[in-house]
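To be precise, the following lines are model-v9.pdb, and they hold PDB, C-alpha atoms.
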```
ATOM      1  CA  MET A   1     -18.176   2.496 -21.435
ATOM      2  CA  ARG A   2     -17.065   3.726 -18.008
ATOM      3  CA  ILE A   3     -18.370   2.291 -14.730
ATOM      4  CA  LEU A   4     -17.861   3.833 -11.285
ATOM      5  CA  MET A   5     -18.211   1.638  -8.204
ATOM      6  CA  LEU A   6     -18.077   2.758  -4.552
ATOM      7  CA  GLY A   7     -17.205   0.231  -1.841
ATOM      8  CA  ASP A   8     -19.174  -0.646   1.294
ATOM      9  CA  VAL A   9     -20.944   2.464   2.619
ATOM     10  CA  VAL A  10     -20.706   2.408   6.421
ATOM     11  CA  GLY A  11     -23.252   4.239   8.562
ATOM     12  CA  LYS A  12     -24.645   7.724   8.291
ATOM     13  CA  VAL A  13     -21.255   9.414   7.915
ATOM     14  CA  GLY A  14     -20.327   7.071   5.072
ATOM     15  CA  ARG A  15     -23.546   7.459   3.133
ATOM     16  CA  GLU A  16     -23.599  11.260   3.578
ATOM     17  CA  ALA A  17     -20.052  11.423   2.221
ATOM     18  CA  ALA A  18     -20.930   9.135  -0.689
ATOM     19  CA  GLU A  19     -24.034  11.129  -1.587
ATOM     20  CA  THR A  20     -22.157  14.429  -1.278
ATOM     21  CA  MET A  21     -19.183  13.268  -3.344
ATOM     22  CA  LEU A  22     -21.012  11.393  -6.115
ATOM     23  CA  PRO A  23     -21.655  14.535  -8.225
ATOM     24  CA  THR A  24     -17.975  15.497  -7.902
ATOM     25  CA  LEU A  25     -16.824  11.987  -8.790
ATOM     26  CA  LYS A  26     -19.091  11.922 -11.818
ATOM     27  CA  GLU A  27     -17.664  15.262 -12.954
ATOM     28  CA  MET A  28     -14.104  13.980 -12.433
ATOM     29  CA  TYR A  29     -14.446  10.567 -14.084
ATOM     30  CA  SER A  30     -17.514  10.903 -16.364
ATOM     31  CA  PRO A  31     -18.960   7.429 -15.767
ATOM     32  CA  GLN A  32     -22.060   6.328 -17.622
ATOM     33  CA  PHE A  33     -23.052   3.887 -14.883
ATOM     34  CA  THR A  34     -22.601   3.922 -11.097
ATOM     35  CA  ILE A  35     -22.807   1.075  -8.574
ATOM     36  CA  VAL A  36     -22.712   1.458  -4.778
ATOM     37  CA  ASN A  37     -22.422  -1.312  -2.194
ATOM     38  CA  GLY A  38     -24.857  -0.280   0.551
ATOM     39  CA  GLU A  39     -24.960  -3.287   2.860
ATOM     40  CA  ASN A  40     -23.532  -1.409   5.879
ATOM     41  CA  ALA A  41     -25.378   1.840   5.270
ATOM     42  CA  ALA A  42     -27.854   1.593   8.189
ATOM     43  CA  ALA A  43     -25.775   2.185  11.341
ATOM     44  CA  GLY A  44     -23.174  -0.240   9.998
ATOM     45  CA  LEU A  45     -25.499  -3.208   9.546
ATOM     46  CA  GLY A  46     -27.877  -3.589   6.617
ATOM     47  CA  ILE A  47     -29.874  -1.033   4.677
ATOM     48  CA  THR A  48     -33.390   0.392   4.883
ATOM     49  CA  PRO A  49     -35.723   1.329   2.011
ATOM     50  CA  GLU A  50     -35.352   5.003   2.945
ATOM     51  CA  ILE A  51     -31.552   4.836   2.766
ATOM     52  CA  ALA A  52     -31.688   2.898  -0.505
ATOM     53  CA  ARG A  53     -33.986   5.503  -2.041
ATOM     54  CA  SER A  54     -31.618   8.261  -0.929
ATOM     55  CA  LEU A  55     -28.575   6.582  -2.493
ATOM     56  CA  LEU A  56     -30.481   6.014  -5.741
ATOM     57  CA  ARG A  57     -31.764   9.573  -5.752
ATOM     58  CA  ASN A  58     -28.258  10.960  -5.221
ATOM     59  CA  GLY A  59     -26.482   9.160  -8.020
ATOM     60  CA  ALA A  60     -26.378   5.375  -7.632
ATOM     61  CA  ASP A  61     -27.806   3.451 -10.569
ATOM     62  CA  VAL A  62     -27.606   0.132  -8.712
ATOM     63  CA  ILE A  63     -27.087  -0.837  -5.054
ATOM     64  CA  THR A  64     -25.449  -4.146  -4.179
ATOM     65  CA  LEU A  65     -25.597  -5.816  -0.763
ATOM     66  CA  GLY A  66     -23.934  -8.691   1.130
ATOM     67  CA  ASN A  67     -24.001 -10.680   4.359
ATOM     68  CA  HIS A  68     -25.961  -7.993   6.242
ATOM     69  CA  THR A  69     -28.766  -7.937   3.662
ATOM     70  CA  TRP A  70     -31.387  -9.165   6.143
ATOM     71  CA  ASN A  71     -30.435  -7.094   9.212
ATOM     72  CA  ARG A  72     -33.323  -4.659   8.610
ATOM     73  CA  ARG A  73     -36.659  -6.413   8.262
ATOM     74  CA  ASP A  74     -38.309  -3.685   6.219
ATOM     75  CA  ILE A  75     -35.835  -4.285   3.388
ATOM     76  CA  VAL A  76     -37.323  -7.715   2.609
ATOM     77  CA  PRO A  77     -40.488  -6.561   0.778
ATOM     78  CA  TYR A  78     -38.561  -3.653  -0.740
ATOM     79  CA  LEU A  79     -36.207  -6.052  -2.526
ATOM     80  CA  ASP A  80     -39.167  -7.349  -4.537
ATOM     81  CA  GLN A  81     -40.369  -3.828  -5.297
ATOM     82  CA  GLU A  82     -37.139  -2.074  -6.345
ATOM     83  CA  PRO A  83     -35.186  -3.737  -9.196
ATOM     84  CA  ARG A  84     -32.169  -1.455  -8.706
ATOM     85  CA  ILE A  85     -31.127  -3.089  -5.424
ATOM     86  CA  LEU A  86     -29.489  -6.515  -5.587
ATOM     87  CA  ARG A  87     -28.827  -9.053  -2.828
ATOM     88  CA  PRO A  88     -26.335 -11.914  -3.302
ATOM     89  CA  ALA A  89     -27.481 -14.114  -6.168
ATOM     90  CA  ASN A  90     -26.345 -17.361  -4.567
ATOM     91  CA  TYR A  91     -28.959 -17.302  -1.828
ATOM     92  CA  PRO A  92     -31.251 -20.327  -2.279
ATOM     93  CA  PRO A  93     -34.302 -20.206  -4.582
ATOM     94  CA  GLY A  94     -37.309 -18.552  -2.957
ATOM     95  CA  THR A  95     -35.277 -15.811  -1.284
ATOM     96  CA  ALA A  96     -36.738 -12.311  -1.597
ATOM     97  CA  GLY A  97     -35.363 -10.040  -4.284
ATOM     98  CA  SER A  98     -32.959 -10.684  -7.135
ATOM     99  CA  GLY A  99     -29.205 -11.077  -7.304
ATOM    100  CA  TYR A 100     -28.623  -9.991 -10.896
ATOM    101  CA  ARG A 101     -30.228  -7.958 -13.625
ATOM    102  CA  VAL A 102     -29.502  -6.143 -16.880
ATOM    103  CA  PHE A 103     -29.736  -2.360 -16.673
ATOM    104  CA  THR A 104     -29.534   0.428 -19.241
ATOM    105  CA  ALA A 105     -26.851   3.067 -18.684
ATOM    106  CA  GLU A 106     -27.350   6.745 -19.409
ATOM    107  CA  ASN A 107     -25.661   6.339 -22.830
ATOM    108  CA  GLY A 108     -28.089   3.563 -23.780
ATOM    109  CA  VAL A 109     -25.595   0.711 -23.315
ATOM    110  CA  ARG A 110     -26.920  -2.298 -21.412
ATOM    111  CA  VAL A 111     -24.944  -3.533 -18.400
ATOM    112  CA  GLY A 112     -25.407  -6.810 -16.557
ATOM    113  CA  VAL A 113     -24.775  -6.507 -12.809
ATOM    114  CA  ALA A 114     -24.554  -9.395 -10.366
ATOM    115  CA  ASN A 115     -24.044  -9.498  -6.598
ATOM    116  CA  MET A 116     -22.379 -12.648  -5.237
ATOM    117  CA  MET A 117     -21.263 -13.812  -1.787
ATOM    118  CA  GLY A 118     -18.300 -15.967  -0.893
ATOM    119  CA  ARG A 119     -18.485 -19.073   1.283
ATOM    120  CA  VAL A 120     -15.047 -19.104   2.975
ATOM    121  CA  PHE A 121     -15.527 -17.829   6.560
ATOM    122  CA  MET A 122     -19.037 -16.752   5.498
ATOM    123  CA  GLU A 123     -22.523 -18.257   5.438
ATOM    124  CA  ALA A 124     -22.992 -21.598   3.683
ATOM    125  CA  LEU A 125     -24.750 -20.413   0.528
ATOM    126  CA  ASP A 126     -25.035 -21.976  -2.902
ATOM    127  CA  ASP A 127     -21.899 -22.252  -5.045
ATOM    128  CA  PRO A 128     -21.047 -18.735  -6.318
ATOM    129  CA  PHE A 129     -18.925 -20.092  -9.176
ATOM    130  CA  ARG A 130     -21.644 -22.189 -10.779
ATOM    131  CA  THR A 131     -24.232 -19.511  -9.999
ATOM    132  CA  ALA A 132     -22.080 -17.080 -11.970
ATOM    133  CA  ASP A 133     -22.069 -19.486 -14.929
ATOM    134  CA  LYS A 134     -25.864 -19.424 -15.008
ATOM    135  CA  ILE A 135     -25.940 -15.642 -14.688
ATOM    136  CA  LEU A 136     -23.552 -15.181 -17.596
ATOM    137  CA  GLU A 137     -25.716 -17.506 -19.679
ATOM    138  CA  SER A 138     -28.744 -15.336 -18.905
ATOM    139  CA  PHE A 139     -26.842 -12.196 -19.971
ATOM    140  CA  GLN A 140     -26.048 -13.658 -23.399
ATOM    141  CA  GLY A 141     -27.984 -11.928 -26.136
ATOM    142  CA  GLN A 142     -28.735  -8.968 -23.838
ATOM    143  CA  THR A 143     -25.308  -7.451 -23.227
ATOM    144  CA  LYS A 144     -21.603  -8.191 -23.431
ATOM    145  CA  ILE A 145     -20.842  -6.054 -20.373
ATOM    146  CA  SER A 146     -21.062  -7.792 -17.009
ATOM    147  CA  PHE A 147     -20.051  -6.488 -13.583
ATOM    148  CA  PHE A 148     -19.733  -8.801 -10.556
ATOM    149  CA  ASP A 149     -19.571  -7.573  -6.941
ATOM    150  CA  PHE A 150     -18.135 -10.533  -5.007
ATOM    151  CA  HIS A 151     -18.793  -9.983  -1.307
ATOM    152  CA  GLY A 152     -16.286 -12.215   0.438
ATOM    153  CA  GLU A 153     -13.889 -12.593   3.348
ATOM    154  CA  ALA A 154     -11.016 -14.595   1.856
ATOM    155  CA  THR A 155      -8.689 -12.960  -0.656
ATOM    156  CA  SER A 156      -7.952 -16.379  -2.163
ATOM    157  CA  GLU A 157     -11.638 -17.005  -2.910
ATOM    158  CA  LYS A 158     -12.065 -13.550  -4.430
ATOM    159  CA  THR A 159      -9.002 -13.981  -6.627
ATOM    160  CA  ALA A 160     -10.112 -17.454  -7.685
ATOM    161  CA  PHE A 161     -13.504 -16.039  -8.654
ATOM    162  CA  GLY A 162     -11.806 -13.337 -10.729
ATOM    163  CA  TYR A 163      -9.708 -15.867 -12.626
ATOM    164  CA  TYR A 164     -12.698 -18.199 -13.018
ATOM    165  CA  LEU A 165     -14.575 -15.440 -14.846
ATOM    166  CA  ASP A 166     -11.550 -13.997 -16.642
ATOM    167  CA  GLY A 167     -12.498 -13.260 -20.235
ATOM    168  CA  ARG A 168     -16.176 -13.948 -19.539
ATOM    169  CA  ALA A 169     -16.984 -11.071 -17.153
ATOM    170  CA  SER A 170     -16.027  -7.473 -17.811
ATOM    171  CA  VAL A 171     -15.322  -6.483 -14.191
ATOM    172  CA  VAL A 172     -14.969  -8.466 -10.958
ATOM    173  CA  VAL A 173     -14.521  -6.512  -7.726
ATOM    174  CA  GLY A 174     -14.345  -7.697  -4.141
ATOM    175  CA  THR A 175     -16.203  -6.081  -1.268
ATOM    176  CA  HIS A 176     -16.805  -6.838   2.441
ATOM    177  CA  THR A 177     -13.366  -6.471   4.075
ATOM    178  CA  HIS A 178     -13.487  -2.643   3.883
ATOM    179  CA  VAL A 179      -9.729  -2.257   3.246
ATOM    180  CA  GLN A 180      -8.881  -1.147  -0.281
ATOM    181  CA  THR A 181      -6.305  -3.421  -1.901
ATOM    182  CA  ALA A 182      -3.571  -2.258  -4.284
ATOM    183  CA  ASP A 183      -3.875  -5.111  -6.790
ATOM    184  CA  GLU A 184      -6.157  -3.603  -9.412
ATOM    185  CA  ARG A 185      -5.311  -5.006 -12.839
ATOM    186  CA  ILE A 186      -6.611  -6.418 -16.096
ATOM    187  CA  LEU A 187      -6.433 -10.216 -15.917
ATOM    188  CA  PRO A 188      -4.864 -12.093 -18.867
ATOM    189  CA  LYS A 189      -8.116 -12.653 -20.766
ATOM    190  CA  GLY A 190      -9.552  -9.157 -20.335
ATOM    191  CA  THR A 191     -11.410  -8.932 -17.009
ATOM    192  CA  ALA A 192     -10.787  -5.927 -14.736
ATOM    193  CA  TYR A 193     -10.162  -7.099 -11.179
ATOM    194  CA  ILE A 194      -9.478  -5.824  -7.648
ATOM    195  CA  THR A 195      -9.577  -7.930  -4.470
ATOM    196  CA  ASP A 196     -11.361  -5.278  -2.408
ATOM    197  CA  VAL A 197     -12.743  -1.909  -3.420
ATOM    198  CA  GLY A 198     -12.561  -0.587   0.172
ATOM    199  CA  MET A 199     -15.197   1.307   2.111
ATOM    200  CA  CYS A 200     -16.876   4.675   2.314
ATOM    201  CA  GLY A 201     -16.722   5.222   6.060
ATOM    202  CA  PRO A 202     -14.868   6.683   9.039
ATOM    203  CA  GLN A 203     -11.122   6.525   8.377
ATOM    204  CA  ASP A 204     -10.099   6.692  12.065
ATOM    205  CA  SER A 205     -11.722   3.356  12.783
ATOM    206  CA  ILE A 206     -11.403  -0.405  12.527
ATOM    207  CA  ILE A 207     -13.214  -1.196   9.264
ATOM    208  CA  GLY A 208     -15.657   1.618  10.043
ATOM    209  CA  MET A 209     -16.321   0.808  13.691
ATOM    210  CA  ASN A 210     -15.230   2.620  16.861
ATOM    211  CA  ALA A 211     -11.630   1.490  17.336
ATOM    212  CA  GLU A 212     -11.630   1.457  21.137
ATOM    213  CA  ILE A 213     -14.653  -0.862  21.317
ATOM    214  CA  VAL A 214     -13.207  -3.254  18.749
ATOM    215  CA  VAL A 215      -9.799  -3.354  20.470
ATOM    216  CA  GLN A 216     -11.492  -4.167  23.786
ATOM    217  CA  LYS A 217     -13.289  -7.049  22.094
ATOM    218  CA  PHE A 218      -9.981  -8.525  20.938
ATOM    219  CA  VAL A 219      -8.190  -7.917  24.236
ATOM    220  CA  THR A 220     -10.899  -9.205  26.601
ATOM    221  CA  GLN A 221     -12.852 -11.598  24.332
ATOM    222  CA  MET A 222     -15.974 -10.166  25.958
ATOM    223  CA  PRO A 223     -18.994  -9.458  23.728
ATOM    224  CA  ASN A 224     -19.345  -5.824  22.737
ATOM    225  CA  ARG A 225     -21.874  -3.848  20.765
ATOM    226  CA  PHE A 226     -19.942  -2.256  17.936
ATOM    227  CA  GLU A 227     -20.675   1.350  16.973
ATOM    228  CA  VAL A 228     -19.880   3.258  13.775
ATOM    229  CA  ALA A 229     -16.958   5.596  14.411
ATOM    230  CA  GLU A 230     -17.124   9.357  13.981
ATOM    231  CA  GLY A 231     -14.853  11.896  12.306
ATOM    232  CA  GLY A 232     -13.440  12.289   8.834
ATOM    233  CA  VAL A 233     -14.404   9.831   6.119
ATOM    234  CA  VAL A 234     -12.411   7.923   3.526
ATOM    235  CA  LEU A 235     -14.230   7.240   0.263
ATOM    236  CA  CYS A 236     -12.982   4.279  -1.773
ATOM    237  CA  GLY A 237     -13.979   2.923  -5.144
ATOM    238  CA  ILE A 238     -12.857   2.055  -8.647
ATOM    239  CA  VAL A 239     -13.423   3.288 -12.172
ATOM    240  CA  ALA A 240     -13.316   0.718 -14.992
ATOM    241  CA  ASP A 241     -13.457   1.194 -18.753
ATOM    242  CA  VAL A 242     -15.069  -1.551 -20.827
ATOM    243  CA  ASP A 243     -15.290  -2.030 -24.583
ATOM    244  CA  PRO A 244     -19.036  -2.552 -25.229
ATOM    245  CA  ASP A 245     -18.328  -4.472 -28.447
ATOM    246  CA  THR A 246     -16.163  -7.151 -26.812
ATOM    247  CA  GLY A 247     -17.113  -6.868 -23.136
ATOM    248  CA  HIS A 248     -13.424  -6.787 -22.222
ATOM    249  CA  ALA A 249     -12.039  -4.190 -19.826
ATOM    250  CA  THR A 250      -9.359  -1.789 -21.002
ATOM    251  CA  GLN A 251      -8.587  -0.005 -17.732
ATOM    252  CA  ILE A 252      -9.242  -0.108 -13.986
ATOM    253  CA  GLN A 253      -8.272   2.643 -11.583
ATOM    254  CA  ARG A 254      -8.545   2.914  -7.820
ATOM    255  CA  VAL A 255     -10.379   5.900  -6.309
ATOM    256  CA  GLN A 256      -9.567   7.019  -2.774
ATOM    257  CA  ILE A 257     -10.435  10.363  -1.196
ATOM    258  CA  ARG A 258      -9.538  10.950   2.442
ATOM    259  CA  ASP A 259     -10.472  13.467   5.130
ATOM    260  CA  ILE A 260     -14.016  14.132   3.927
ATOM    261  CA  HIS A 261     -15.982  16.093   6.532
TER     262      HIS A 261
END
```
Can I see the file as structure tokens?
Amino acid sequence: MRILMLGDVVGKVGREAAETMLPTLKEMYSPQFTIVNGENAAAGLGITPEIARSLLRNGADVITLGNHTWNRRDIVPYLDQEPRILRPANYPPGTAGSGYRVFTAENGVRVGVANMMGRVFMEALDDPFRTADKILESFQGQTKISFFDFHGEATSEKTAFGYYLDGRASVVVGTHTHVQTADERILPKGTAYITDVGMCGPQDSIIGMNAEIVVQKFVTQMPNRFEVAEGGVVLCGIVADVDPDTGHATQIQRVQIRDIH
């Protein structure tokens, strides 16, 4: 079972590149299931129903989100209508939408997907570790394959989450920081892990945003309205192979394509 995952899609240039490249990536890697993090897809902040529909139509099987989930008000009712888009599961009970679900891949294999959010330097949400325990319990009897998108700021928290689920989850990937890390590996008990998948967004930028504006913010400490940068795009992701009989990963590989116009 092969799963393709693309990191945080940033703005129009990022989503156009992702949608354009998904058919090529599927031809190159032959995944049976594809996940895209879309939480920065609408001008760098949040996602709209229209953008979500476009990503799903162009090759995503599931869209995960993160700390910008609620930036676009029209996404709130859509989360209850479209099961293929997931917000972080450790939001409190009563929050719109769902944070995890079991899906059926194109080869008929069932895959559990969960979207989590870290708490270090982030919002004070429910405990992602114990939430993950409950999610894994709910997946039992439905599938042995589970994929966790952990949207977090701190590398230590992401790594701790990976080791916490080692041998229980098939794949744990980090998102949110937009810089692809070079630590992809299979953890000792069989979980594929990477600290951050990276982004699909403007490469001549500061995590997708106009570099000059961001630099001025740091230099002057004056508030600035950030804007998505322009120019060529870098597309980042991973491909992971999972044994459907055991749920353990056998391989994880970084994907990075630069200078997409």
Ground truth for the PyMOL selection byres ((chain A and resi 59) around 10), written as a PyMOL selection string: chain A and resi 18-23+26+33-36+54-58+60-62
Residue members of the PyMOL selection byres ((chain A and resi 178) around 6) in the file shown, as a list in words: His176, Thr177, Val179, Gly198, Met199 and Ile207 of chain A
Could you name the residues that touch Val102 in chain A at 9 Å or less, counting all atoms listed in the file, but leaving out those on the same chain fewer than 3 positions away, as a PyMOL selection string? chain A and resi 110-114+139+142-143+146
Selection above as a file: C-alpha atoms, as a PDB file, in the coordinates of the input:
```pdb
ATOM      1  CA  ARG A 110     -26.920  -2.298 -21.412  1.00  0.00           C
ATOM      2  CA  VAL A 111     -24.944  -3.533 -18.400  1.00  0.00           C
ATOM      3  CA  GLY A 112     -25.407  -6.810 -16.557  1.00  0.00           C
ATOM      4  CA  VAL A 113     -24.775  -6.507 -12.809  1.00  0.00           C
ATOM      5  CA  ALA A 114     -24.554  -9.395 -10.366  1.00  0.00           C
ATOM      6  CA  PHE A 139     -26.842 -12.196 -19.971  1.00  0.00           C
ATOM      7  CA  GLN A 142     -28.735  -8.968 -23.838  1.00  0.00           C
ATOM      8  CA  THR A 143     -25.308  -7.451 -23.227  1.00  0.00           C
ATOM      9  CA  SER A 146     -21.062  -7.792 -17.009  1.00  0.00           C
TER      10      SER A 146
END
```
> Which is closer to Glu230 in chain A than all the others in A:Pro49, A:Ile85, A:Val13, A:Met122, using all atoms listed in the file?
Replying inline: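 Comparing A:Pro49, A:Ile85, A:Val13, A:Met122 against Glu230 in chain A, the winner is A:Val13.
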Shortest contact to Gln81 in chain A, candidates A:His248, A:His68, A:Arg185, A:Arg53, atoms counted only C-alpha atoms, goes to A:Arg53
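When only C-alpha atoms are used to compute distances to Arg2 in chain A, the closest of the residues A:Tyr163, A:Tyr78, A:Tyr29, A:Phe226 turns out to be A:Tyr29.
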May I have the residues within 12 Å of Met209 in chain A as a PyMOL selection string, using only C-alpha atoms and disregarding those fewer than 4 positions away in the same chain? chain A and resi 10-11+13-14+40+43-45+178+199+201-205+213-215+217+224-231+233
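With distances restricted to all atoms listed in the file, A:Ser170 is the closest residue to Thr246 in chain A from A:Thr95, A:Ser170, A:Asn90, A:Thr131.
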On this structure, which residues satisfy the PyMOL selection byres ((chain A and resi 86) around 8), written as an MDAnalysis selection string? chainID A and resid 62:65 79 83:85 87:89 97:100 114:115
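For the pair CA of Gln256 in chain A and CA of Ile206 in chain A, the separation is 17.1 Å.
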The residue from A:Val109, A:Val242, A:Glu123, A:Phe147 with the smallest atom-to-atom distance to Pro92 in chain A, counting only C-alpha atoms, is A:Glu123
Quick one: residues within 6 Å of (-20.1, -8.6, -0.5) (file frame), counting all atoms listed in the file, please, as a tab-separated table (two decimals) with C-alpha atoms, keeping the file's coordinate frame.
```tsv
chain	number	residue	atom	x	y	z
A	66	GLY	CA	-23.93	-8.69	1.13
A	117	MET	CA	-21.26	-13.81	-1.79
A	150	PHE	CA	-18.14	-10.53	-5.01
A	151	HIS	CA	-18.79	-9.98	-1.31
A	152	GLY	CA	-16.29	-12.22	0.44
A	175	THR	CA	-16.20	-6.08	-1.27
A	176	HIS	CA	-16.80	-6.84	2.44
```
Which residues, written as an NGL selection string, have at least one atom at most 9 Å from Val76 in chain A, with only C-alpha atoms counted and residues fewer than 6 positions away on the same chain left out?
-> :A and (69-70 or 96-97)
Which protein, DNA or RNA residues are at most 10 Å from (-25.0, 7.7, -23.5) in the file's coordinates when you count all atoms listed in the file, listed as a PDB file with C-alpha atoms, keeping the file's coordinate frame?
```pdb
ATOM      1  CA  MET A   1     -18.176   2.496 -21.435  1.00  0.00           C
ATOM      2  CA  PRO A  31     -18.960   7.429 -15.767  1.00  0.00           C
ATOM      3  CA  GLN A  32     -22.060   6.328 -17.622  1.00  0.00           C
ATOM      4  CA  PHE A  33     -23.052   3.887 -14.883  1.00  0.00           C
ATOM      5  CA  THR A 104     -29.534   0.428 -19.241  1.00  0.00           C
ATOM      6  CA  ALA A 105     -26.851   3.067 -18.684  1.00  0.00           C
ATOM      7  CA  GLU A 106     -27.350   6.745 -19.409  1.00  0.00           C
ATOM      8  CA  ASN A 107     -25.661   6.339 -22.830  1.00  0.00           C
ATOM      9  CA  GLY A 108     -28.089   3.563 -23.780  1.00  0.00           C
ATOM     10  CA  VAL A 109     -25.595   0.711 -23.315  1.00  0.00           C
TER      11      VAL A 109
END
```
**Study point:** Residues within 10 Å of Thr159 in chain A, all atoms listed in the file, excluding chain neighbours under 6 positions, as a PyMOL selection string
**Key:** chain A and resi 150+172-174+193-196
